[in-house]
file entry-v2.json (JSON, C-alpha atoms and all ligand atoms)
[["chain", "number", "residue", "atom", "x", "y", "z"],
["S", 1, "MET", "CA", -10.47, -20.55, 0.38],
["S", 2, "THR", "CA", -11.05, -19.25, 3.91],
["S", 3, "MET", "CA", -11.89, -15.62, 3.96],
["S", 4, "LYS", "CA", -13.56, -14.82, 7.21],
["S", 5, "GLY", "CA", -11.60, -12.29, 9.22],
["S", 6, "ASP", "CA", -12.38, -9.77, 11.89],
["S", 7, "THR", "CA", -12.50, -6.96, 9.38],
["S", 8, "GLY", "CA", -16.27, -6.66, 9.26],
["S", 9, "LEU", "CA", -16.96, -9.69, 7.05],
["S", 10, "VAL", "CA", -16.54, -7.63, 3.93],
["S", 11, "ILE", "CA", -15.59, -10.66, 1.87],
["S", 12, "GLU", "CA", -18.62, -12.62, 3.02],
["S", 13, "GLU", "CA", -20.85, -9.75, 2.01],
["S", 14, "TYR", "CA", -19.18, -9.71, -1.38],
["S", 15, "LEU", "CA", -19.49, -13.47, -1.83],
["S", 16, "ALA", "CA", -23.18, -13.35, -1.06],
["S", 17, "SER", "CA", -23.85, -10.34, -3.23],
["S", 18, "THR", "CA", -26.01, -10.84, -6.32],
["S", 19, "LYS", "CA", -25.57, -7.24, -7.37],
["S", 20, "GLU", "CA", -24.55, -6.85, -11.01],
["S", 21, "THR", "CA", -21.19, -5.32, -11.73],
["S", 22, "ALA", "CA", -18.93, -5.39, -14.79],
["S", 23, "CYS", "CA", -15.30, -6.21, -15.48],
["S", 24, "GLU", "CA", -13.12, -3.09, -15.45],
["S", 25, "LYS", "CA", -11.61, -4.10, -18.79],
["S", 26, "CYS", "CA", -13.93, -6.17, -21.01],
["S", 27, "LYS", "CA", -17.12, -4.78, -19.36],
["S", 28, "GLU", "CA", -18.65, -8.27, -19.26],
["S", 29, "PRO", "CA", -21.48, -8.21, -16.69],
["S", 30, "ILE", "CA", -20.92, -10.41, -13.64],
["S", 31, "THR", "CA", -22.35, -10.52, -10.12],
["S", 32, "GLN", "CA", -20.19, -9.17, -7.31],
["S", 33, "GLY", "CA", -20.35, -12.59, -5.67],
["S", 34, "ALA", "CA", -19.05, -14.45, -8.74],
["S", 35, "LEU", "CA", -16.23, -11.95, -9.18],
["S", 36, "ALA", "CA", -15.24, -12.20, -5.50],
["S", 37, "LYS", "CA", -15.21, -16.01, -5.68],
["S", 38, "ASN", "CA", -12.63, -15.71, -8.42],
["S", 39, "TYR", "CA", -10.40, -13.40, -6.32],
["S", 40, "PHE", "CA", -11.82, -10.45, -8.27],
["S", 41, "VAL", "CA", -10.19, -11.74, -11.47],
["S", 42, "CYS", "CA", -12.50, -11.58, -14.51],
["S", 43, "PRO", "CA", -13.31, -15.16, -15.62],
["S", 44, "LYS", "CA", -13.75, -13.99, -19.20],
["S", 45, "CYS", "CA", -10.69, -11.83, -19.96],
["S", 46, "GLY", "CA", -8.47, -12.51, -16.93],
["S", 47, "LYS", "CA", -8.29, -8.85, -15.89],
["S", 48, "TYR", "CA", -7.27, -8.34, -12.26],
["S", 49, "ASN", "CA", -10.08, -6.10, -11.06],
["S", 50, "LYS", "CA", -9.45, -3.83, -8.08],
["S", 51, "ILE", "CA", -9.98, -5.35, -4.62],
["S", 52, "PRO", "CA", -11.14, -3.23, -1.69],
["S", 53, "ALA", "CA", -8.21, -3.08, 0.76],
["S", 54, "ARG", "CA", -10.16, -4.71, 3.58],
["S", 55, "ALA", "CA", -11.23, -7.63, 1.41],
["S", 56, "ARG", "CA", -7.63, -8.12, 0.37],
["S", 57, "ILE", "CA", -6.53, -8.26, 3.99],
["S", 58, "GLU", "CA", -9.12, -10.96, 4.61],
["S", 59, "LEU", "CA", -7.90, -12.95, 1.61],
["S", 60, "LEU", "CA", -4.29, -12.81, 2.78],
["S", 61, "THR", "CA", -4.31, -13.12, 6.54],
["S", 62, "ASP", "CA", -5.30, -15.89, 8.93],
["S", 63, "ASP", "CA", -8.86, -15.86, 10.25],
["S", 64, "GLY", "CA", -9.37, -13.26, 12.93],
["S", 65, "SER", "CA", -5.64, -12.45, 13.16],
["S", 66, "PHE", "CA", -5.80, -8.91, 11.76],
["S", 67, "LYS", "CA", -5.58, -6.14, 14.33],
["S", 68, "GLU", "CA", -5.98, -2.71, 12.83],
["S", 69, "LEU", "CA", -3.88, 0.30, 13.86],
["S", 70, "TRP", "CA", -4.82, 3.98, 13.60],
["S", 71, "ASN", "CA", -8.08, 3.48, 11.74],
["S", 72, "GLU", "CA", -9.50, 6.72, 13.10],
["S", 73, "ALA", "CA", -6.82, 8.90, 11.46],
["S", 74, "THR", "CA", -8.31, 10.96, 8.70],
["S", 75, "THR", "CA", -7.18, 13.85, 6.62],
["S", 76, "GLY", "CA", -7.79, 17.54, 7.24],
["S", 77, "ASN", "CA", -7.11, 20.20, 4.66],
["S", 78, "PRO", "CA", -3.54, 21.16, 5.51],
["S", 79, "ILE", "CA", -2.96, 23.67, 2.71],
["S", 80, "GLY", "CA", -6.54, 24.90, 2.38],
["S", 81, "PHE", "CA", -7.01, 23.36, -1.08],
["S", 82, "PRO", "CA", -10.37, 24.29, -2.63],
["S", 83, "ASP", "CA", -13.09, 21.61, -2.33],
["S", 84, "TYR", "CA", -10.71, 19.12, -0.69],
["S", 85, "GLU", "CA", -12.98, 18.50, 2.32],
["S", 86, "GLU", "CA", -15.87, 17.71, -0.01],
["S", 87, "LYS", "CA", -13.74, 15.39, -2.09],
["S", 88, "SER", "CA", -12.33, 13.50, 0.88],
["S", 89, "SER", "CA", -15.72, 13.11, 2.50],
["S", 90, "ARG", "CA", -17.00, 11.66, -0.80],
["S", 91, "ALA", "CA", -14.02, 9.30, -0.80],
["S", 92, "ARG", "CA", -14.90, 8.19, 2.74],
["S", 93, "ALA", "CA", -18.45, 7.47, 1.63],
["S", 94, "THR", "CA", -17.53, 5.45, -1.49],
["S", 95, "SER", "CA", -14.65, 3.48, 0.06],
["S", 96, "HIS", "CA", -16.11, 3.12, 3.59],
["S", 97, "GLU", "CA", -12.60, 3.92, 4.81],
["S", 98, "ASN", "CA", -11.20, 6.93, 6.66],
["S", 99, "GLU", "CA", -8.07, 7.13, 4.55],
["S", 100, "GLY", "CA", -6.19, 5.69, 1.59],
["S", 101, "VAL", "CA", -4.36, 2.97, 3.51],
["S", 102, "ILE", "CA", -5.21, 0.33, 6.11],
["S", 103, "CYS", "CA", -2.45, -0.67, 8.56],
["S", 104, "GLY", "CA", -2.21, -3.34, 11.21],
["S", 105, "THR", "CA", -0.68, -6.59, 12.39],
["S", 106, "ALA", "CA", -1.69, -10.11, 11.38],
["S", 107, "THR", "CA", -0.43, -13.60, 10.78],
["S", 108, "VAL", "CA", -0.09, -15.19, 7.34],
["S", 109, "GLU", "CA", -0.13, -18.99, 7.68],
["S", 110, "GLY", "CA", 1.03, -18.49, 11.25],
["S", 111, "ASN", "CA", 3.80, -16.01, 10.45],
["S", 112, "GLU", "CA", 3.49, -12.77, 12.37],
["S", 113, "CYS", "CA", 3.88, -9.52, 10.41],
["S", 114, "CYS", "CA", 2.87, -5.89, 10.04],
["S", 115, "ILE", "CA", 0.78, -5.19, 6.96],
["S", 116, "TYR", "CA", -0.37, -2.14, 5.02],
["S", 117, "VAL", "CA", -2.78, -2.23, 2.11],
["S", 118, "MET", "CA", -3.56, 0.88, 0.10],
["S", 119, "GLU", "CA", -7.22, 1.49, -0.77],
["S", 120, "PRO", "CA", -7.67, 2.18, -4.49],
["S", 121, "LYS", "CA", -11.17, 3.53, -3.94],
["S", 122, "PHE", "CA", -10.01, 6.32, -1.62],
["S", 123, "MET", "CA", -8.92, 9.06, -4.02],
["S", 124, "MET", "CA", -7.06, 6.44, -6.09],
["S", 125, "GLY", "CA", -4.98, 5.42, -3.08],
["S", 126, "SER", "CA", -3.18, 8.73, -3.38],
["S", 127, "MET", "CA", -0.51, 9.50, -0.81],
["S", 128, "GLY", "CA", -1.44, 12.33, 1.50],
["S", 129, "THR", "CA", 0.02, 13.19, 4.87],
["S", 130, "ILE", "CA", -2.10, 10.68, 6.80],
["S", 131, "VAL", "CA", -1.21, 7.86, 4.40],
["S", 132, "GLY", "CA", 2.47, 8.73, 4.90],
["S", 133, "ASP", "CA", 2.05, 9.08, 8.67],
["S", 134, "LYS", "CA", 0.34, 5.72, 8.98],
["S", 135, "ILE", "CA", 2.85, 3.79, 6.87],
["S", 136, "ALA", "CA", 5.86, 5.44, 8.57],
["S", 137, "ALA", "CA", 4.30, 4.69, 11.96],
["S", 138, "LEU", "CA", 3.78, 1.07, 10.91],
["S", 139, "PHE", "CA", 7.48, 0.68, 10.16],
["S", 140, "GLU", "CA", 8.30, 2.19, 13.55],
["S", 141, "TYR", "CA", 5.88, -0.22, 15.18],
["S", 142, "ALA", "CA", 7.54, -3.07, 13.25],
["S", 143, "ILE", "CA", 10.98, -1.99, 14.50],
["S", 144, "GLU", "CA", 9.75, -1.84, 18.06],
["S", 145, "HIS", "CA", 8.17, -5.29, 17.85],
["S", 146, "ARG", "CA", 10.87, -6.83, 15.60],
["S", 147, "LEU", "CA", 8.37, -7.67, 12.85],
["S", 148, "PRO", "CA", 8.58, -7.91, 9.05],
["S", 149, "VAL", "CA", 6.36, -5.64, 6.94],
["S", 150, "ILE", "CA", 4.17, -6.75, 4.04],
["S", 151, "GLY", "CA", 2.88, -3.89, 1.88],
["S", 152, "TYR", "CA", 0.34, -3.70, -0.93],
["S", 153, "ALA", "CA", 0.79, -0.64, -3.11],
["S", 154, "ALA", "CA", -2.04, 0.73, -5.22],
["S", 155, "SER", "CA", -1.75, 4.41, -5.87],
["S", 156, "GLY", "CA", -2.12, 7.23, -8.33],
["S", 157, "GLY", "CA", 0.87, 8.84, -6.60],
["S", 158, "ALA", "CA", 1.12, 11.96, -4.45],
["S", 159, "ARG", "CA", -2.15, 13.63, -3.42],
["S", 160, "MET", "CA", -2.13, 16.93, -5.24],
["S", 161, "GLN", "CA", -4.63, 18.46, -2.80],
["S", 162, "GLU", "CA", -1.92, 18.40, -0.14],
["S", 163, "GLY", "CA", 0.73, 19.95, -2.36],
["S", 164, "MET", "CA", 4.31, 19.70, -1.24],
["S", 165, "LEU", "CA", 3.30, 18.07, 2.05],
["S", 166, "SER", "CA", 2.27, 14.97, 0.14],
["S", 167, "LEU", "CA", 5.61, 14.86, -1.68],
["S", 168, "MET", "CA", 7.38, 14.99, 1.67],
["S", 169, "GLN", "CA", 5.81, 11.66, 2.56],
["S", 170, "MET", "CA", 8.13, 10.00, 0.04],
["S", 171, "ALA", "CA", 11.17, 10.96, 2.10],
["S", 172, "LYS", "CA", 9.49, 10.29, 5.42],
["S", 173, "VAL", "CA", 8.31, 6.78, 4.61],
["S", 174, "SER", "CA", 11.58, 5.95, 2.83],
["S", 175, "GLY", "CA", 13.45, 7.00, 5.98],
["S", 176, "ALA", "CA", 11.28, 4.70, 8.07],
["S", 177, "VAL", "CA", 11.88, 1.83, 5.62],
["S", 178, "LYS", "CA", 15.64, 2.43, 5.93],
["S", 179, "LEU", "CA", 15.52, 2.29, 9.73],
["S", 180, "HIS", "CA", 13.56, -0.94, 9.53],
["S", 181, "SER", "CA", 16.06, -2.36, 7.03],
["S", 182, "ASP", "CA", 19.02, -1.32, 9.18],
["S", 183, "GLU", "CA", 17.55, -3.43, 11.95],
["S", 184, "GLY", "CA", 17.84, -6.46, 9.68],
["S", 185, "LEU", "CA", 14.08, -6.74, 9.33],
["S", 186, "PHE", "CA", 12.32, -7.94, 6.20],
["S", 187, "TYR", "CA", 10.07, -5.82, 3.97],
["S", 188, "MET", "CA", 8.15, -7.19, 1.03],
["S", 189, "VAL", "CA", 5.96, -5.24, -1.39],
["S", 190, "CYS", "CA", 3.33, -6.31, -3.87],
["S", 191, "VAL", "CA", 2.60, -3.72, -6.53],
["S", 192, "THR", "CA", -0.95, -3.81, -7.87],
["S", 193, "ASP", "CA", -2.83, -1.98, -10.59],
["S", 194, "PRO", "CA", -2.00, 0.90, -10.70],
["S", 195, "THR", "CA", 1.16, 1.79, -8.74],
["S", 196, "THR", "CA", 2.47, 5.08, -10.02],
["S", 197, "GLY", "CA", 4.03, 8.46, -9.20],
["S", 198, "GLY", "CA", 5.54, 9.21, -5.82],
["S", 199, "VAL", "CA", 4.60, 5.83, -4.38],
["S", 200, "THR", "CA", 6.57, 4.01, -7.09],
["S", 201, "ALA", "CA", 9.36, 6.53, -6.62],
["S", 202, "SER", "CA", 9.66, 5.72, -2.93],
["S", 203, "PHE", "CA", 8.47, 2.94, -0.62],
["S", 204, "ALA", "CA", 6.85, 0.69, -3.29],
["S", 205, "MET", "CA", 10.28, 0.07, -4.80],
["S", 206, "LEU", "CA", 12.21, -0.31, -1.53],
["S", 207, "GLY", "CA", 11.17, -3.83, -0.61],
["S", 208, "ASP", "CA", 13.74, -6.58, -0.08],
["S", 209, "VAL", "CA", 11.43, -8.58, -2.33],
["S", 210, "ILE", "CA", 9.07, -6.87, -4.77],
["S", 211, "ILE", "CA", 6.34, -8.83, -6.49],
["S", 212, "GLY", "CA", 3.60, -7.66, -8.82],
["S", 213, "GLU", "CA", 0.16, -8.77, -9.94],
["S", 214, "PRO", "CA", -0.28, -9.88, -13.57],
["S", 215, "GLY", "CA", -1.02, -7.01, -15.93],
["S", 216, "ALA", "CA", -0.63, -4.29, -13.26],
["S", 217, "LEU", "CA", 0.40, -0.83, -14.43],
["S", 218, "VAL", "CA", 3.64, 0.02, -12.59],
["S", 219, "GLY", "CA", 5.53, 3.17, -13.41],
["S", 220, "PHE", "CA", 6.36, 6.73, -12.48],
["S", 221, "ALA", "CA", 5.04, 9.19, -15.10],
["S", 222, "GLY", "CA", 2.40, 8.10, -17.60],
["S", 223, "LYS", "CA", 3.28, 6.80, -21.05],
["S", 224, "ARG", "CA", 1.85, 9.81, -22.88],
["S", 225, "VAL", "CA", 3.82, 12.26, -20.76],
["S", 226, "ILE", "CA", 7.09, 10.41, -21.35],
["S", 227, "GLU", "CA", 6.40, 10.23, -25.10],
["S", 228, "GLN", "CA", 5.72, 13.95, -25.21],
["S", 229, "VAL", "CA", 8.87, 14.81, -23.29],
["S", 230, "THR", "CA", 11.26, 12.44, -25.06],
["S", 231, "GLY", "CA", 9.65, 12.54, -28.49],
["S", 232, "GLU", "CA", 10.05, 8.76, -28.65],
["S", 233, "LYS", "CA", 7.48, 6.05, -29.20],
["S", 234, "LEU", "CA", 7.40, 3.64, -26.28],
["S", 235, "PRO", "CA", 7.11, -0.13, -26.72],
["S", 236, "GLU", "CA", 3.87, -2.06, -26.40],
["S", 237, "GLY", "CA", 3.17, -3.16, -22.82],
["S", 238, "PHE", "CA", 5.44, -0.43, -21.45],
["S", 239, "GLN", "CA", 4.97, -0.13, -17.66],
["S", 240, "SER", "CA", 3.14, -3.42, -17.30],
["S", 241, "ALA", "CA", 4.27, -5.61, -14.41],
["S", 242, "GLU", "CA", 5.60, -8.09, -17.00],
["S", 243, "PHE", "CA", 7.70, -5.35, -18.62],
["S", 244, "GLN", "CA", 9.03, -4.29, -15.21],
["S", 245, "LEU", "CA", 9.91, -7.90, -14.37],
["S", 246, "GLU", "CA", 11.85, -8.21, -17.62],
["S", 247, "ASN", "CA", 13.73, -5.00, -16.80],
["S", 248, "GLY", "CA", 14.64, -5.97, -13.28],
["S", 249, "PHE", "CA", 12.26, -3.80, -11.26],
["S", 250, "LEU", "CA", 10.24, -6.73, -9.97],
["S", 251, "ASP", "CA", 11.39, -10.07, -8.56],
["S", 252, "ALA", "CA", 8.32, -12.06, -9.55],
["S", 253, "ILE", "CA", 4.76, -11.88, -10.78],
["S", 254, "VAL", "CA", 2.47, -13.84, -8.50],
["S", 255, "ARG", "CA", -1.14, -14.74, -9.23],
["S", 256, "ARG", "CA", -3.64, -13.58, -6.66],
["S", 257, "ASN", "CA", -4.62, -17.05, -5.49],
["S", 258, "ASP", "CA", -0.95, -17.91, -4.91],
["S", 259, "GLN", "CA", 0.01, -14.74, -3.04],
["S", 260, "ARG", "CA", -0.90, -15.93, 0.43],
["S", 261, "SER", "CA", 1.32, -19.01, 0.31],
["S", 262, "TYR", "CA", 4.07, -17.07, -1.51],
["S", 263, "ILE", "CA", 4.12, -14.41, 1.20],
["S", 264, "ALA", "CA", 3.99, -17.03, 3.95],
["S", 265, "SER", "CA", 7.03, -18.82, 2.53],
["S", 266, "MET", "CA", 8.92, -15.52, 2.19],
["S", 267, "LEU", "CA", 8.14, -14.67, 5.81],
["S", 268, "LYS", "CA", 9.30, -18.12, 6.89],
["S", 269, "LEU", "CA", 12.55, -17.86, 4.90],
["S", 270, "HIS", "CA", 13.40, -14.46, 6.36],
["S", 271, "LYS", "CA", 12.54, -15.23, 9.93],
["S", 272, "PRO", "CA", 15.56, -14.66, 12.21],
["S", 273, "ALA", "CA", 16.56, -17.66, 14.31],
["S", 274, "SER", "CA", 14.94, -17.40, 17.72],
["S", 275, "GLY", "CA", 16.85, -15.20, 20.14],
["S", 276, "ASP", "CA", 19.04, -14.02, 17.27],
["S", 277, "ASP", "CA", 19.83, -10.38, 17.85],
["S", 278, "MET", "CA", 22.85, -10.09, 15.56],
["S", 279, "PHE", "CA", 21.32, -7.28, 13.53],
["S", 280, "HIS", "CA", 20.39, -5.27, 16.54],
["S", 281, "VAL", "CA", 23.72, -3.46, 16.64],
["S", 282, "ARG", "CA", 22.79, 0.20, 16.68],
["S", 283, "SER", "CA", 22.97, 1.96, 20.02],
["S", 284, "HIS", "CA", 19.74, 3.03, 21.58],
["S", 285, "GLU", "CA", 20.76, 6.70, 21.34],
["S", 286, "GLN", "CA", 21.48, 6.45, 17.62],
["S", 287, "HIS", "CA", 18.17, 4.79, 17.16],
["S", 288, "LEU", "CA", 16.27, 7.54, 18.97],
["S", 289, "LYS", "CA", 18.01, 10.21, 16.93],
["S", 290, "LEU", "CA", 17.08, 8.55, 13.66],
["S", 291, "ARG", "CA", 13.59, 8.03, 14.90],
["S", 292, "GLU", "CA", 13.26, 11.72, 15.58],
["S", 293, "LEU", "CA", 14.26, 12.45, 11.99],
["S", 294, "VAL", "CA", 11.57, 10.23, 10.64],
["S", 295, "HIS", "CA", 8.78, 10.84, 13.04],
["S", 296, "ARG", "CA", 6.44, 13.72, 12.37],
["S", 297, "PRO", "CA", 3.58, 14.79, 14.60],
["S", 298, "ALA", "CA", 0.07, 14.06, 13.39],
["S", 299, "ILE", "CA", -0.83, 16.29, 10.54],
["S", 300, "ASN", "CA", -3.76, 18.07, 12.09],
["S", 301, "GLY", "CA", -1.62, 19.35, 14.93],
["S", 302, "GLY", "CA", 0.30, 22.60, 14.95],
["S", 303, "ALA", "CA", 3.39, 21.26, 13.21],
["S", 304, "VAL", "CA", 2.04, 21.63, 9.72],
["S", 305, "GLN", "CA", 0.78, 25.10, 10.44],
["S", 306, "LYS", "CA", 4.26, 26.10, 11.56],
["S", 307, "LEU", "CA", 5.77, 24.50, 8.50],
["S", 308, "MET", "CA", 3.41, 26.35, 6.20],
["S", 309, "GLU", "CA", 4.22, 29.63, 7.96],
["S", 310, "MET", "CA", 7.91, 28.95, 7.42],
["S", 311, "ILE", "CA", 7.30, 28.27, 3.75],
["S", 312, "HIS", "CA", 5.26, 31.43, 3.29],
["S", 313, "ASN", "CA", 7.73, 33.69, 5.09],
["Z", 401, "ZN", "ZN", -13.02, -8.97, -18.21]]
call {"tool": "encode", "arguments": {"input": "entry-v2.json", "output": "structure tokens"}}
result
Amino acid sequence: MTMKGDTGLVIEEYLASTKETACEKCKEPITQGALAKNYFVCPKCGKYNKIPARARIELLTDDGSFKELWNEATTGNPIGFPDYEEKSSRARATSHENEGVICGTATVEGNECCIYVMEPKFMMGSMGTIVGDKIAALFEYAIEHRLPVIGYAASGGARMQEGMLSLMQMAKVSGAVKLHSDEGLFYMVCVTDPTTGGVTASFAMLGDVIIGEPGALVGFAGKRVIEQVTGEKLPEGFQSAEFQLENGFLDAIVRRNDQRSYIASMLKLHKPASGDDMFHVRSHEQHLKLRELVHRPAINGGAVQKLMEMIHN
């Protein structure tokens, strides 16, 4: 397993770490290094523990190939939600990331692609305006450079501290995915534990191929909420990746140590023949118009302020 990338050697630090941690599920104590060596899968109970987004990128991509985009983007407090600044600065400290998603370009076994990986430790990978901005911008970048997109979803859903603005990201990113798809470009998603709420209800379920990690929770509303609303008892294992596979929401469940080669073969299979521009049929003007619909200015600019004024008036 080669894991050295140019993402700050996070994996190497993990591998060398003798710090005690415990499995998220069975609570069996284990060193961080031993857990990392096993792709963060518990050797005792098999639970897929959460992987920091940057470590995941290192596990998946070719050595030194990852080039990050828009790392400096970080959230403001667009609707003036109480204590949000405090909460997001705590999230920055615990995750060592500026936001809930990392975006960039890389190669996977030599196949060029754009990649986004959501960070579960940044406010549960919740989708705020910057998360939406970054992922939408990545799809635009992918269109411009004729690249496929690989996405790793891990999210508690919309970020409630950004109210309706976070819900709007569902439409914005979905629009960008559609533009990318219309260009005949390939998009593949891997849903990880947990992928829920507005992320499941939008771009996590829009891949041409959707795979999941074993045992991942994948759903929209939680089990208890659905039981309360419908008054029905839900089956055992409801909303597990295995359940979703059986019901046609996922195409495959792929073990962590197989994901790199699985993704590489998917990228290879969907690569257009060289010089093949048969999908590139839309006129430039049409393209620009659609782009305008999708593209929103950065969230800390005046656009949001104007939008909020419109809503209030
Ligand atoms: Zn365990």
call {"tool": "closest_atom_pairs", "arguments": {"input": "entry-v2.json", "of": "chain S", "to": "ligand ZN 401 (chain Z)", "cutoff": "6 Å", "atoms": "all atoms listed in the file", "output": "Markdown table"}}
result
| residue | atom | partner | partner_atom | distance |
| --- | --- | --- | --- | --- |
| S:Cys23 | CA | Z:ZN401 | ZN | 4.5 |
| S:Lys25 | CA | Z:ZN401 | ZN | 5.1 |
| S:Cys26 | CA | Z:ZN401 | ZN | 4.1 |
| S:Lys27 | CA | Z:ZN401 | ZN | 6.0 |
| S:Glu28 | CA | Z:ZN401 | ZN | 5.8 |
| S:Cys42 | CA | Z:ZN401 | ZN | 4.6 |
| S:Lys44 | CA | Z:ZN401 | ZN | 5.2 |
| S:Cys45 | CA | Z:ZN401 | ZN | 4.1 |
| S:Gly46 | CA | Z:ZN401 | ZN | 5.9 |
| S:Lys47 | CA | Z:ZN401 | ZN | 5.3 |
call {"tool": "closest_residue", "arguments": {"input": "entry-v2.json", "among": "S:Val173, S:Leu245, S:Val131, S:Ala136", "to": "Val218 in chain S", "atoms": "only C-alpha atoms"}}
result
S:Leu245
call {"tool": "atom_distance", "arguments": {"input": "entry-v2.json", "atom1": "CA of Gly184 in chain S", "atom2": "CA of Leu250 in chain S"}}
result
21.1 Å
call {"tool": "atom_distance", "arguments": {"input": "entry-v2.json", "atom1": "CA of Lys134 in chain S", "atom2": "CA of Asp251 in chain S"}}
result
26.1 Å
call {"tool": "residues_around", "arguments": {"input": "entry-v2.json", "residues": "range 186-195 of chain S", "least_positions_apart": "6", "cutoff": "8 Å", "atoms": "only C-alpha atoms", "output": "PDB file with C-alpha atoms, in the coordinates of the input"}}
result
ATOM      1  CA  TYR S  48      -7.270  -8.340 -12.260  1.00  0.00           C
ATOM      2  CA  LYS S  50      -9.450  -3.830  -8.080  1.00  0.00           C
ATOM      3  CA  LEU S 147       8.370  -7.670  12.850  1.00  0.00           C
ATOM      4  CA  PRO S 148       8.580  -7.910   9.050  1.00  0.00           C
ATOM      5  CA  VAL S 149       6.360  -5.640   6.940  1.00  0.00           C
ATOM      6  CA  ILE S 150       4.170  -6.750   4.040  1.00  0.00           C
ATOM      7  CA  GLY S 151       2.880  -3.890   1.880  1.00  0.00           C
ATOM      8  CA  TYR S 152       0.340  -3.700  -0.930  1.00  0.00           C
ATOM      9  CA  ALA S 153       0.790  -0.640  -3.110  1.00  0.00           C
ATOM     10  CA  ALA S 154      -2.040   0.730  -5.220  1.00  0.00           C
ATOM     11  CA  SER S 155      -1.750   4.410  -5.870  1.00  0.00           C
ATOM     12  CA  GLY S 156      -2.120   7.230  -8.330  1.00  0.00           C
ATOM     13  CA  GLY S 157       0.870   8.840  -6.600  1.00  0.00           C
ATOM     14  CA  HIS S 180      13.560  -0.940   9.530  1.00  0.00           C
ATOM     15  CA  ALA S 204       6.850   0.690  -3.290  1.00  0.00           C
ATOM     16  CA  MET S 205      10.280   0.070  -4.800  1.00  0.00           C
ATOM     17  CA  LEU S 206      12.210  -0.310  -1.530  1.00  0.00           C
ATOM     18  CA  GLY S 207      11.170  -3.830  -0.610  1.00  0.00           C
ATOM     19  CA  ASP S 208      13.740  -6.580  -0.080  1.00  0.00           C
ATOM     20  CA  VAL S 209      11.430  -8.580  -2.330  1.00  0.00           C
ATOM     21  CA  ILE S 210       9.070  -6.870  -4.770  1.00  0.00           C
ATOM     22  CA  ILE S 211       6.340  -8.830  -6.490  1.00  0.00           C
ATOM     23  CA  GLY S 212       3.600  -7.660  -8.820  1.00  0.00           C
ATOM     24  CA  GLU S 213       0.160  -8.770  -9.940  1.00  0.00           C
ATOM     25  CA  GLY S 215      -1.020  -7.010 -15.930  1.00  0.00           C
ATOM     26  CA  ALA S 216      -0.630  -4.290 -13.260  1.00  0.00           C
ATOM     27  CA  LEU S 217       0.400  -0.830 -14.430  1.00  0.00           C
ATOM     28  CA  VAL S 218       3.640   0.020 -12.590  1.00  0.00           C
ATOM     29  CA  GLY S 219       5.530   3.170 -13.410  1.00  0.00           C
ATOM     30  CA  LEU S 267       8.140 -14.670   5.810  1.00  0.00           C
ATOM     31  CA  HIS S 270      13.400 -14.460   6.360  1.00  0.00           C
TER      32      HIS S 270
END
call {"tool": "atom_distance", "arguments": {"input": "entry-v2.json", "atom1": "CA of Val10 in chain S", "atom2": "CA of Arg54 in chain S"}}
result
7.0 Å
call {"tool": "closest_residue", "arguments": {"input": "entry-v2.json", "among": "S:Glu183, S:Glu99, S:Glu68, S:Asp83", "to": "Met127 in chain S", "atoms": "all atoms listed in the file"}}
result
S:Glu99
call {"tool": "residues_around", "arguments": {"input": "entry-v2.json", "residues": "Arg256 in chain S", "least_positions_apart": "4", "cutoff": "9 Å", "atoms": "all atoms listed in the file", "output": "MDAnalysis selection string"}}
result
chainID S and resid 39:41 48 213:214 260
call {"tool": "residues_near_point", "arguments": {"input": "entry-v2.json", "point": "(-1.4, -18.6, 8.7)", "cutoff": "10 Å", "atoms": "all atoms listed in the file", "output": "list in words"}}
result
Leu60, Thr61, Asp62, Asp63, Ser65, Ala106, Thr107, Val108, Glu109, Gly110, Asn111, Glu112, Arg260, Ser261 and Ala264 of chain S
call {"tool": "residues_around", "arguments": {"input": "entry-v2.json", "residues": "Phe139 in chain S", "least_positions_apart": "3", "cutoff": "12 Å", "atoms": "all atoms listed in the file", "output": "MDAnalysis selection string"}}
result
chainID S and resid 69 103:105 113:116 132:136 142:151 172:183 185:187 203 291 294:295
call {"tool": "residues_around", "arguments": {"input": "entry-v2.json", "residues": "Ser88 in chain S", "least_positions_apart": "6", "cutoff": "12 Å", "atoms": "only C-alpha atoms", "output": "list in words"}}
result
Thr74, Thr75, Gly76, Asn77, Phe81, Pro82, Thr94, Ser95, His96, Glu97, Asn98, Glu99, Gly100, Lys121, Phe122, Met123, Met124, Gly125, Ser126, Gly128, Arg159, Gln161 and Glu162 of chain S
call {"tool": "axis_aligned_box", "arguments": {"input": "entry-v2.json", "around": "range 56-61 of chain S", "padding_each_side": "6 Å", "output": "JSON"}}
result
{"center_x": -6.7, "center_y": -10.6, "center_z": 3.5, "size_x": 16.8, "size_y": 17.0, "size_z": 18.2}
call {"tool": "residues_around", "arguments": {"input": "entry-v2.json", "residues": "Phe238 in chain S", "least_positions_apart": "2", "cutoff": "10 Å", "atoms": "all atoms listed in the file", "output": "list of chain:residue names"}}
result
S:Leu217, S:Val218, S:Gly219, S:Gly222, S:Lys223, S:Leu234, S:Pro235, S:Glu236, S:Ser240, S:Ala241, S:Glu242, S:Phe243, S:Gln244
call {"tool": "closest_residue", "arguments": {"input": "entry-v2.json", "among": "S:Val229, S:Ala171, S:Gly163, S:Asn247", "to": "Gly80 in chain S", "atoms": "all atoms listed in the file"}}
result
S:Gly163
call {"tool": "closest_residue", "arguments": {"input": "entry-v2.json", "among": "S:Ile79, S:Ala73, S:Ala158, S:Ala93", "to": "Ile130 in chain S", "atoms": "only C-alpha atoms"}}
result
S:Ala73
call {"tool": "closest_residue", "arguments": {"input": "entry-v2.json", "among": "S:Glu85, S:Leu15, S:Pro52, S:Glu24", "to": "Ala36 in chain S", "atoms": "all atoms listed in the file"}}
result
S:Leu15
